[in-house]
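Pasted below: my_file29.pdb, PDB, C-alpha atoms, pLDDT in the B column.
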```pdb
ATOM      1  CA  MET A   1      56.541 -17.061 -50.402  1.00 89.00           C
ATOM      2  CA  GLU A   2      53.697 -17.669 -52.817  1.00 92.00           C
ATOM      3  CA  ILE A   3      50.272 -16.376 -51.831  1.00 95.00           C
ATOM      4  CA  VAL A   4      47.452 -17.801 -53.913  1.00 96.00           C
ATOM      5  CA  SER A   5      44.382 -15.593 -53.765  1.00 95.00           C
ATOM      6  CA  GLY A   6      41.009 -17.226 -54.255  1.00 94.00           C
ATOM      7  CA  LEU A   7      37.471 -15.954 -54.213  1.00 93.00           C
ATOM      8  CA  VAL A   8      34.562 -17.947 -52.832  1.00 92.00           C
ATOM      9  CA  THR A   9      31.317 -16.416 -53.988  1.00 89.00           C
ATOM     10  CA  GLY A  10      27.688 -17.400 -54.223  1.00 83.00           C
ATOM     11  CA  GLY A  11      24.257 -16.518 -53.009  1.00 75.00           C
ATOM     12  CA  PRO A  12      23.199 -16.141 -49.405  1.00 74.00           C
ATOM     13  CA  CYS A  13      23.347 -19.376 -47.443  1.00 74.00           C
ATOM     14  CA  SER A  14      25.489 -21.192 -49.998  1.00 77.00           C
ATOM     15  CA  GLY A  15      28.076 -22.381 -47.474  1.00 77.00           C
ATOM     16  CA  LYS A  16      30.872 -19.851 -48.019  1.00 81.00           C
ATOM     17  CA  THR A  17      31.575 -19.129 -44.354  1.00 79.00           C
ATOM     18  CA  GLN A  18      30.993 -22.679 -43.111  1.00 82.00           C
ATOM     19  CA  GLY A  19      33.129 -23.995 -45.947  1.00 85.00           C
ATOM     20  CA  PHE A  20      36.039 -21.905 -44.689  1.00 85.00           C
ATOM     21  CA  GLU A  21      35.791 -23.467 -41.242  1.00 86.00           C
ATOM     22  CA  PHE A  22      35.737 -26.950 -42.803  1.00 89.00           C
ATOM     23  CA  LEU A  23      38.714 -26.254 -45.094  1.00 89.00           C
ATOM     24  CA  LYS A  24      41.110 -24.631 -42.634  1.00 86.00           C
ATOM     25  CA  PRO A  25      42.201 -27.804 -40.762  1.00 90.00           C
ATOM     26  CA  LYS A  26      42.218 -29.852 -43.979  1.00 93.00           C
ATOM     27  CA  LEU A  27      44.575 -27.373 -45.615  1.00 91.00           C
ATOM     28  CA  LYS A  28      46.790 -27.314 -42.526  1.00 88.00           C
ATOM     29  CA  GLU A  29      47.159 -31.117 -42.795  1.00 90.00           C
ATOM     30  CA  LEU A  30      48.447 -30.550 -46.334  1.00 90.00           C
ATOM     31  CA  GLY A  31      51.014 -28.016 -45.122  1.00 88.00           C
ATOM     32  CA  ILE A  32      49.095 -25.043 -46.503  1.00 91.00           C
ATOM     33  CA  THR A  33      48.535 -21.989 -44.354  1.00 93.00           C
ATOM     34  CA  ALA A  34      45.036 -20.640 -44.934  1.00 94.00           C
ATOM     35  CA  VAL A  35      43.862 -17.108 -44.252  1.00 94.00           C
ATOM     36  CA  PHE A  36      40.193 -16.279 -44.613  1.00 92.00           C
ATOM     37  CA  ALA A  37      39.129 -12.706 -45.374  1.00 93.00           C
ATOM     38  CA  PRO A  38      35.532 -12.089 -44.273  1.00 90.00           C
ATOM     39  CA  GLU A  39      32.940 -10.387 -46.428  1.00 89.00           C
ATOM     40  CA  VAL A  40      32.768  -6.600 -46.302  1.00 92.00           C
ATOM     41  CA  ALA A  41      29.018  -6.004 -46.604  1.00 89.00           C
ATOM     42  CA  THR A  42      27.787  -7.519 -43.319  1.00 88.00           C
ATOM     43  CA  PRO A  43      29.680  -5.210 -40.942  1.00 91.00           C
ATOM     44  CA  MET A  44      28.844  -2.209 -43.142  1.00 92.00           C
ATOM     45  CA  ILE A  45      25.129  -3.059 -43.078  1.00 91.00           C
ATOM     46  CA  LEU A  46      25.182  -3.646 -39.325  1.00 91.00           C
ATOM     47  CA  ALA A  47      27.041  -0.356 -38.781  1.00 92.00           C
ATOM     48  CA  GLY A  48      24.509   1.849 -40.506  1.00 88.00           C
ATOM     49  CA  PRO A  49      21.713   2.026 -43.032  1.00 89.00           C
ATOM     50  CA  HIS A  50      20.993  -0.993 -45.189  1.00 89.00           C
ATOM     51  CA  PRO A  51      21.574  -0.224 -48.903  1.00 91.00           C
ATOM     52  CA  GLN A  52      18.384  -2.064 -49.842  1.00 87.00           C
ATOM     53  CA  PHE A  53      16.328   0.686 -48.190  1.00 90.00           C
ATOM     54  CA  MET A  54      18.199   3.696 -49.619  1.00 93.00           C
ATOM     55  CA  PRO A  55      17.344   5.955 -52.524  1.00 95.00           C
ATOM     56  CA  GLU A  56      19.282   4.777 -55.582  1.00 93.00           C
ATOM     57  CA  ASP A  57      21.915   7.547 -55.581  1.00 95.00           C
ATOM     58  CA  GLU A  58      22.747   6.920 -51.904  1.00 96.00           C
ATOM     59  CA  MET A  59      22.821   3.170 -52.481  1.00 94.00           C
ATOM     60  CA  VAL A  60      25.297   3.682 -55.336  1.00 95.00           C
ATOM     61  CA  GLU A  61      27.569   5.692 -53.038  1.00 96.00           C
ATOM     62  CA  TRP A  62      27.256   3.010 -50.347  1.00 95.00           C
ATOM     63  CA  GLN A  63      28.202   0.342 -52.902  1.00 95.00           C
ATOM     64  CA  ASN A  64      31.170   2.447 -54.053  1.00 96.00           C
ATOM     65  CA  ILE A  65      32.442   2.673 -50.471  1.00 96.00           C
ATOM     66  CA  SER A  66      31.918  -1.067 -50.081  1.00 95.00           C
ATOM     67  CA  LEU A  67      33.996  -1.741 -53.198  1.00 95.00           C
ATOM     68  CA  LYS A  68      36.801   0.549 -51.992  1.00 96.00           C
ATOM     69  CA  ILE A  69      36.918  -1.280 -48.656  1.00 95.00           C
ATOM     70  CA  GLN A  70      36.845  -4.646 -50.451  1.00 93.00           C
ATOM     71  CA  LEU A  71      39.769  -3.691 -52.677  1.00 94.00           C
ATOM     72  CA  ALA A  72      41.830  -2.354 -49.761  1.00 94.00           C
ATOM     73  CA  GLN A  73      41.087  -5.487 -47.765  1.00 91.00           C
ATOM     74  CA  GLU A  74      42.130  -7.745 -50.641  1.00 90.00           C
ATOM     75  CA  ARG A  75      45.204  -5.871 -51.851  1.00 88.00           C
ATOM     76  CA  ASP A  76      46.671  -4.718 -48.567  1.00 89.00           C
ATOM     77  CA  HIS A  77      45.204  -5.809 -45.268  1.00 94.00           C
ATOM     78  CA  TYR A  78      44.589  -9.535 -45.642  1.00 94.00           C
ATOM     79  CA  ARG A  79      47.505  -9.989 -48.024  1.00 94.00           C
ATOM     80  CA  GLY A  80      49.731  -8.645 -45.221  1.00 95.00           C
ATOM     81  CA  ILE A  81      48.104 -11.005 -42.736  1.00 96.00           C
ATOM     82  CA  ALA A  82      48.718 -13.887 -45.146  1.00 96.00           C
ATOM     83  CA  GLU A  83      52.417 -12.955 -45.333  1.00 95.00           C
ATOM     84  CA  ILE A  84      52.705 -12.898 -41.535  1.00 96.00           C
ATOM     85  CA  ALA A  85      50.864 -16.235 -41.245  1.00 95.00           C
ATOM     86  CA  GLY A  86      53.216 -17.811 -43.784  1.00 95.00           C
ATOM     87  CA  ARG A  87      56.300 -16.594 -41.923  1.00 95.00           C
ATOM     88  CA  LEU A  88      54.948 -17.751 -38.555  1.00 96.00           C
ATOM     89  CA  ASN A  89      54.104 -21.177 -39.951  1.00 92.00           C
ATOM     90  CA  LYS A  90      57.438 -21.342 -41.775  1.00 93.00           C
ATOM     91  CA  THR A  91      55.742 -22.185 -45.044  1.00 89.00           C
ATOM     92  CA  ASP A  92      55.896 -20.773 -48.515  1.00 85.00           C
ATOM     93  CA  ARG A  93      52.420 -22.130 -49.304  1.00 89.00           C
ATOM     94  CA  VAL A  94      49.713 -19.666 -48.300  1.00 95.00           C
ATOM     95  CA  LEU A  95      46.142 -19.642 -49.495  1.00 95.00           C
ATOM     96  CA  LEU A  96      44.206 -16.400 -49.072  1.00 95.00           C
ATOM     97  CA  LEU A  97      40.477 -17.000 -49.510  1.00 94.00           C
ATOM     98  CA  HIS A  98      38.002 -14.141 -49.769  1.00 94.00           C
ATOM     99  CA  ASP A  99      34.404 -14.526 -48.648  1.00 91.00           C
ATOM    100  CA  ARG A 100      32.748 -12.613 -51.502  1.00 88.00           C
ATOM    101  CA  GLY A 101      34.668 -10.281 -53.769  1.00 91.00           C
ATOM    102  CA  ALA A 102      34.838  -7.069 -55.732  1.00 90.00           C
ATOM    103  CA  LEU A 103      32.047  -7.950 -58.164  1.00 92.00           C
ATOM    104  CA  ASP A 104      29.547  -9.432 -55.717  1.00 90.00           C
ATOM    105  CA  ASN A 105      27.709  -6.170 -55.069  1.00 88.00           C
ATOM    106  CA  GLY A 106      26.867  -5.985 -58.754  1.00 91.00           C
ATOM    107  CA  VAL A 107      23.960  -8.374 -58.233  1.00 87.00           C
ATOM    108  CA  TYR A 108      22.334  -6.044 -55.696  1.00 86.00           C
ATOM    109  CA  MET A 109      21.932  -3.049 -57.977  1.00 90.00           C
ATOM    110  CA  PRO A 110      21.135  -2.093 -61.583  1.00 92.00           C
ATOM    111  CA  ARG A 111      23.945  -3.210 -63.921  1.00 94.00           C
ATOM    112  CA  PRO A 112      24.505   0.266 -65.492  1.00 96.00           C
ATOM    113  CA  ARG A 113      24.957   1.807 -62.046  1.00 96.00           C
ATOM    114  CA  PHE A 114      27.426  -0.881 -60.992  1.00 96.00           C
ATOM    115  CA  ASN A 115      29.315  -0.355 -64.249  1.00 96.00           C
ATOM    116  CA  GLU A 116      29.679   3.314 -63.198  1.00 96.00           C
ATOM    117  CA  ILE A 117      31.194   2.216 -59.898  1.00 96.00           C
ATOM    118  CA  LEU A 118      33.600  -0.150 -61.622  1.00 97.00           C
ATOM    119  CA  LYS A 119      34.708   2.626 -63.972  1.00 96.00           C
ATOM    120  CA  ARG A 120      35.232   5.034 -61.056  1.00 96.00           C
ATOM    121  CA  ASN A 121      37.501   2.415 -59.487  1.00 95.00           C
ATOM    122  CA  LYS A 122      39.368   1.609 -62.729  1.00 95.00           C
ATOM    123  CA  LEU A 123      37.871  -1.881 -63.005  1.00 95.00           C
ATOM    124  CA  THR A 124      35.815  -3.844 -65.507  1.00 95.00           C
ATOM    125  CA  TRP A 125      33.895  -7.078 -65.060  1.00 93.00           C
ATOM    126  CA  VAL A 126      36.901  -8.936 -66.496  1.00 93.00           C
ATOM    127  CA  THR A 127      39.628  -7.203 -64.455  1.00 93.00           C
ATOM    128  CA  GLY A 128      37.455  -7.402 -61.347  1.00 90.00           C
ATOM    129  CA  ARG A 129      37.371 -11.161 -61.721  1.00 85.00           C
ATOM    130  CA  GLU A 130      40.526 -12.281 -63.499  1.00 88.00           C
ATOM    131  CA  GLY A 131      42.815  -9.470 -62.402  1.00 90.00           C
ATOM    132  CA  LEU A 132      42.190  -9.829 -58.675  1.00 92.00           C
ATOM    133  CA  TYR A 133      41.969 -13.578 -58.041  1.00 94.00           C
ATOM    134  CA  ASP A 134      43.956 -16.647 -59.030  1.00 95.00           C
ATOM    135  CA  PHE A 135      40.752 -18.676 -58.994  1.00 94.00           C
ATOM    136  CA  VAL A 136      37.035 -18.281 -58.285  1.00 92.00           C
ATOM    137  CA  ILE A 137      34.703 -20.822 -56.689  1.00 90.00           C
ATOM    138  CA  HIS A 138      30.996 -20.136 -57.116  1.00 89.00           C
ATOM    139  CA  LEU A 139      28.661 -21.939 -54.725  1.00 86.00           C
ATOM    140  CA  ALA A 140      24.936 -22.366 -55.305  1.00 79.00           C
ATOM    141  CA  THR A 141      22.618 -21.014 -52.645  1.00 72.00           C
ATOM    142  CA  ALA A 142      20.574 -23.334 -50.449  1.00 64.00           C
ATOM    143  CA  ALA A 143      17.545 -21.320 -51.562  1.00 61.00           C
ATOM    144  CA  HIS A 144      17.481 -23.425 -54.748  1.00 64.00           C
ATOM    145  CA  GLY A 145      16.783 -27.070 -54.061  1.00 66.00           C
ATOM    146  CA  ALA A 146      17.740 -27.127 -50.374  1.00 62.00           C
ATOM    147  CA  GLU A 147      15.304 -24.600 -48.946  1.00 62.00           C
ATOM    148  CA  ALA A 148      15.204 -26.390 -45.586  1.00 65.00           C
ATOM    149  CA  HIS A 149      18.840 -25.363 -45.051  1.00 60.00           C
ATOM    150  CA  TYR A 150      18.312 -21.688 -45.853  1.00 59.00           C
ATOM    151  CA  ASN A 151      18.574 -19.594 -42.713  1.00 62.00           C
ATOM    152  CA  ASN A 152      18.568 -15.979 -41.653  1.00 61.00           C
ATOM    153  CA  ASN A 153      21.261 -16.286 -38.972  1.00 62.00           C
ATOM    154  CA  ASN A 154      23.080 -13.272 -40.448  1.00 62.00           C
ATOM    155  CA  ALA A 155      21.380 -10.128 -39.117  1.00 59.00           C
ATOM    156  CA  ALA A 156      22.372  -8.247 -42.277  1.00 59.00           C
ATOM    157  CA  ARG A 157      20.679 -10.762 -44.591  1.00 62.00           C
ATOM    158  CA  THR A 158      17.264  -9.660 -45.803  1.00 61.00           C
ATOM    159  CA  GLU A 159      16.854 -11.922 -48.841  1.00 64.00           C
ATOM    160  CA  THR A 160      14.139 -14.540 -48.738  1.00 63.00           C
ATOM    161  CA  PRO A 161      14.735 -17.914 -50.396  1.00 60.00           C
ATOM    162  CA  VAL A 162      12.651 -16.720 -53.361  1.00 62.00           C
ATOM    163  CA  GLU A 163      14.768 -13.570 -53.765  1.00 60.00           C
TER     164      GLU A 163
END
```
Starting from the file, give its structure as structure tokens.
Amino acid sequence: MEIVSGLVTGGPCSGKTQGFEFLKPKLKELGITAVFAPEVATPMILAGPHPQFMPEDEMVEWQNISLKIQLAQERDHYRGIAEIAGRLNKTDRVLLLHDRGALDNGVYMPRPRFNEILKRNKLTWVTGREGLYDFVIHLATAAHGAEAHYNNNNAARTETPVE
């Protein structure tokens, strides 16, 4: 069975989650089993303190934990779910799509500090992109040019359209 791992990334309100819901039946029609791995940050933010309001050293630790969870989710948990889904659907074509990825948190903190986290986890910007995913789709946020469609339906989202 071949599992193709893709990353869908982009700013808040760019259509990542809704795009998954649109794609799933379309892919099924093509005989492709699709598994969608949700983003890591939202449940972490809702479970405890928001990293945006932490002192920098604590925020760096929070981001490090987030990256560790992201990597475990990508390498083990959802890959295993994709294998089960492929067997159940009797297909050797499985697409595993990740809502956000290992490098996404880098935009929410100073670059040198995120580089420290990558190093601690034996990653670079290149291996965190090209070594983890077969392809990457980057969506533009609705905050640029489609402001009327920007929403704050996600309780963990604090960014304004300007941010």
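Residue nearest Glu130 (chain A), chosen from A:Leu103, A:Pro12, A:Glu29, A:Tyr108 and counting all atoms listed in the file: A:Leu103.
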Quick one: which residues end up in the PyMOL selection byres ((chain A and resi 62-65) around 9) for this structure, as a PDB file with C-alpha atoms, in the coordinates of the input?
```pdb
ATOM      1  CA  ALA A  41      29.018  -6.004 -46.604  1.00 89.00           C
ATOM      2  CA  PRO A  51      21.574  -0.224 -48.903  1.00 91.00           C
ATOM      3  CA  ASP A  57      21.915   7.547 -55.581  1.00 95.00           C
ATOM      4  CA  GLU A  58      22.747   6.920 -51.904  1.00 96.00           C
ATOM      5  CA  MET A  59      22.821   3.170 -52.481  1.00 94.00           C
ATOM      6  CA  VAL A  60      25.297   3.682 -55.336  1.00 95.00           C
ATOM      7  CA  GLU A  61      27.569   5.692 -53.038  1.00 96.00           C
ATOM      8  CA  SER A  66      31.918  -1.067 -50.081  1.00 95.00           C
ATOM      9  CA  LEU A  67      33.996  -1.741 -53.198  1.00 95.00           C
ATOM     10  CA  LYS A  68      36.801   0.549 -51.992  1.00 96.00           C
ATOM     11  CA  ILE A  69      36.918  -1.280 -48.656  1.00 95.00           C
ATOM     12  CA  GLN A  70      36.845  -4.646 -50.451  1.00 93.00           C
ATOM     13  CA  ASN A 105      27.709  -6.170 -55.069  1.00 88.00           C
ATOM     14  CA  GLY A 106      26.867  -5.985 -58.754  1.00 91.00           C
ATOM     15  CA  MET A 109      21.932  -3.049 -57.977  1.00 90.00           C
ATOM     16  CA  PHE A 114      27.426  -0.881 -60.992  1.00 96.00           C
ATOM     17  CA  ILE A 117      31.194   2.216 -59.898  1.00 96.00           C
ATOM     18  CA  LEU A 118      33.600  -0.150 -61.622  1.00 97.00           C
ATOM     19  CA  ARG A 120      35.232   5.034 -61.056  1.00 96.00           C
ATOM     20  CA  ASN A 121      37.501   2.415 -59.487  1.00 95.00           C
TER      21      ASN A 121
END
```
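Of note, CA of Gln52 (chain A) and CA of Ala140 (chain A) are spaced 22.0 Å apart.
Within 9 Å of the point (37.6, -9.8, -42.9), and counting all atoms listed in the file, the protein, DNA and RNA residues are Phe36, Ala37, Pro38, Glu39, Val40, Gln73, His77, Tyr78, His98 and Asp99 of chain A.
Comparing the minimum interatomic distances between Ser14 (chain A) and each of A:Asp92, A:Arg100, A:Met54, A:Val107, counting all atoms listed in the file, we find that A:Arg100 sits nearest.
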- From the list A:Ala102, A:Leu88, A:Leu96, A:Cys13, the nearest residue to Val126 (chain A) using only C-alpha atoms is A:Ala102
